[in-house]
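Participant: Can you keep this structure in mind? I'll have questions shortly.
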Amino acid sequence: MRIDRRSWMGGAAALAVGMGGAPAATAQRQRRRAASDRVNVAVIGAGGMGASNMDKLTSQNIVAMTDVDMAHVARSVGDPKRAALKAAYDKAAKYADYRRMFDARKDLDAVVIAAPDHHHAVAAKMAIERGLHVYVQKPLTYTVREGRVLAELARANPKLVTQMGNQGHSGDDGRRAVEIVRGGAIGRVREVQVWTNRPIWPQGVARPEAVAMPASLDWDAWRGPAAVDWGYNPMYAHFNWRGWAPFGTGALGDMGAHLVDFPVWALEPGLPTRVETRHSVWGDPKNPADGSYPLATVSYFDFGNAKGGPIRMTWYDGGLMPPTPPGMPAGAKMDPGGGVLYIGDRGMLMHETYGENPVLIGDGVEERAAAIPTSLPRIQGGMGGHEMNWIRAIRGEEAISSPFATAVPLTETMLLGVVALRAGRAIDYDGAAGRITNVADANRYLDREYRKGWEL
């Protein structure tokens, strides 16, 4: 199935009012499962973060793996603590190109997608169309349109279990923070401050010259859908791609799925109606899309349609932080690595990047918070159980933690910060229509060009 730009724009309101109408996957092979059943899992991007994900899934059948650099994979599983994963990888069928894997393997039940951002949506769409459950690392997609395509596919295939890899969504502390904010312990929230120390990779730097690639690397497969051919440089692969516009989505894409998750979850503000991003210089100021993202940004997200009245969320990255709030308890401090501060009319709540270590600020807040009952289910294993939550949900044992229905609006919210950055001015956004209304040319940043053979 292909959803073209015109169809997407015309039906974008479905994200807000309920999507449907996409054809079901043509190759679903769902089977009844006992609790003891093992799921046949493949991984796309088996090294790095993919190895971290798969290390939690060695109780399942890891039957296939795709990676563009098997030497990199070998390094990722070289620690003796990952002996079980190494053994599973040694037995698994190996591919450099996930398109070939999907064509060859008919025994798959599920796939973990942990390749760079620019591959996420293309690989996930292929998997869903083949009737596979999918776990996709954050950010779920590289563009806004990609998120809406995946949302529609997920709605059309409700038996398939989808999960985004924002593990904080499964944590006990984060769920308690959401309960406290929703329960009114800090009163009406109209302002949220969010910060991170990312990027921890090169940004604001000029594009380097191409150099000879490692013999073990399939560069063509690594490029995948990206419609640029810069040639290989270690400044891109295997980790630093996040900072380069054709491949990654910068600090917002990396950490927004964790940090922005909680205020969007707790406050249910809907999609932002206006976004503006201020920033340091681009890596190539004359041609921003052809280089690295700025080293630091501040983004202002206005939610004009939020329940109970407007909310402003301010995002800081590059090590920038909001001022210390008044009344901070003795011994508490703002974590320079990242955190969220909710400012209510009866107090404040602050927590770290993954929702951990909530701190209550203000008179009477602790007493009011203590009276708020538990209302959200707790995930077995907490943050560390996020991958197995997906498996248990496939088996029907536990509700899924962060499905596409949750992950797509969250991803769209944070990616609109990247769109505003690229637009170079504030954007007014109609979430129902999926369009920027004040800067027509900026709508092109909601989508992207794909290399032939890798189209969405």
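For the structure tokens, the naming scheme is as follows: chains receive sequential letters (A, B, ...) according to their order of presentation, residues are indexed from 1 within each chain, and ligands are indexed from 1 in presentation order.
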Considering only C-alpha atoms, give me a table of residues in segment 108-215 of chain A that are at most 7 Å from segment 243-261 of chain A, with the closest atom pair and distance in Å for each, as JSON lines.

Facilitator:
```
{"residue": "A:Pro116", "atom": "CA", "partner": "A:Phe247", "partner_atom": "CA", "distance": 6.8}
{"residue": "A:Asp117", "atom": "CA", "partner": "A:Gly248", "partner_atom": "CA", "distance": 5.3}
{"residue": "A:His118", "atom": "CA", "partner": "A:Phe247", "partner_atom": "CA", "distance": 5.1}
{"residue": "A:Lys138", "atom": "CA", "partner": "A:Ala257", "partner_atom": "CA", "distance": 6.3}
{"residue": "A:Pro139", "atom": "CA", "partner": "A:Gly253", "partner_atom": "CA", "distance": 5.4}
{"residue": "A:Tyr142", "atom": "CA", "partner": "A:Thr249", "partner_atom": "CA", "distance": 6.6}
{"residue": "A:Asn166", "atom": "CA", "partner": "A:His258", "partner_atom": "CA", "distance": 5.7}
{"residue": "A:Gly168", "atom": "CA", "partner": "A:His258", "partner_atom": "CA", "distance": 6.2}
{"residue": "A:Val194", "atom": "CA", "partner": "A:Leu259", "partner_atom": "CA", "distance": 6.8}
{"residue": "A:Arg198", "atom": "CA", "partner": "A:Ala251", "partner_atom": "CA", "distance": 5.4}
{"residue": "A:Pro199", "atom": "CA", "partner": "A:Ala251", "partner_atom": "CA", "distance": 5.4}
{"residue": "A:Trp201", "atom": "CA", "partner": "A:Gly243", "partner_atom": "CA", "distance": 6.6}
{"residue": "A:Pro202", "atom": "CA", "partner": "A:Gly243", "partner_atom": "CA", "distance": 6.2}
{"residue": "A:Gln203", "atom": "CA", "partner": "A:Gly243", "partner_atom": "CA", "distance": 5.3}
```

Participant: Let's see if you can do this: from backbone DSSP, list all helix (DSSP H, G or I) residues in segment 172-225 of chain A, as a list of chain:residue names.

Facilitator: A:Asp172, A:Asp173, A:Gly174, A:Arg175, A:Arg176, A:Ala177, A:Val178, A:Glu179, A:Ile180, A:Val181, A:Arg182, A:Trp219, A:Asp220, A:Ala221, A:Trp222, A:Arg223

Participant: Can I get the selection written as a PDB file, in the first residue's frame, with C-alpha atoms?

Facilitator:
```pdb
ATOM      1  CA  ASP A 172       7.031   2.992  37.690  1.00  0.00           C
ATOM      2  CA  ASP A 173       8.316   6.485  38.597  1.00  0.00           C
ATOM      3  CA  GLY A 174       7.162   8.026  35.332  1.00  0.00           C
ATOM      4  CA  ARG A 175       3.712   6.496  35.677  1.00  0.00           C
ATOM      5  CA  ARG A 176       3.440   7.822  39.206  1.00  0.00           C
ATOM      6  CA  ALA A 177       4.452  11.307  38.020  1.00  0.00           C
ATOM      7  CA  VAL A 178       1.683  11.189  35.421  1.00  0.00           C
ATOM      8  CA  GLU A 179      -0.835  10.165  38.088  1.00  0.00           C
ATOM      9  CA  ILE A 180       0.220  13.019  40.354  1.00  0.00           C
ATOM     10  CA  VAL A 181      -0.063  15.648  37.617  1.00  0.00           C
ATOM     11  CA  ARG A 182      -3.392  14.291  36.414  1.00  0.00           C
ATOM     12  CA  TRP A 219      27.311   1.650   2.609  1.00  0.00           C
ATOM     13  CA  ASP A 220      24.575   1.436   0.002  1.00  0.00           C
ATOM     14  CA  ALA A 221      22.298  -0.452   2.393  1.00  0.00           C
ATOM     15  CA  TRP A 222      23.189   1.959   5.215  1.00  0.00           C
ATOM     16  CA  ARG A 223      22.099   4.918   3.049  1.00  0.00           C
TER      17      ARG A 223
END
```

Participant: Give the strand (DSSP E) residues of segment 84-135 of chain A, as DSSP finds them on the backbone, and put them as a PyMOL selection string.

Facilitator: chain A and resi 93-95+110-113+133-135

Participant: For Asp363 of chain A, which residue among A:Ile128, A:Val41, A:Ile113, A:Ala185 is the nearest when counting only C-alpha atoms?

Facilitator: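 Of A:Ile128, A:Val41, A:Ile113, A:Ala185, the one nearest Asp363 of chain A is A:Ala185, counting only C-alpha atoms.
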
Participant: Rounded to one decimal, what separation in Å do you get between atom CA of Arg207 of chain A and atom CA of Val122 of chain A?

Facilitator: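 Atom-to-atom, atom CA of Arg207 of chain A and atom CA of Val122 of chain A are spaced 25.6 Å apart.
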
Participant: Here is a test: counting only C-alpha atoms, which residue of A:Gly347, A:Pro377, A:Gly147, A:Gly339 is nearest to Pro263 of chain A?

Facilitator: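 Under the stated criterion, the closest residue is A:Gly339.
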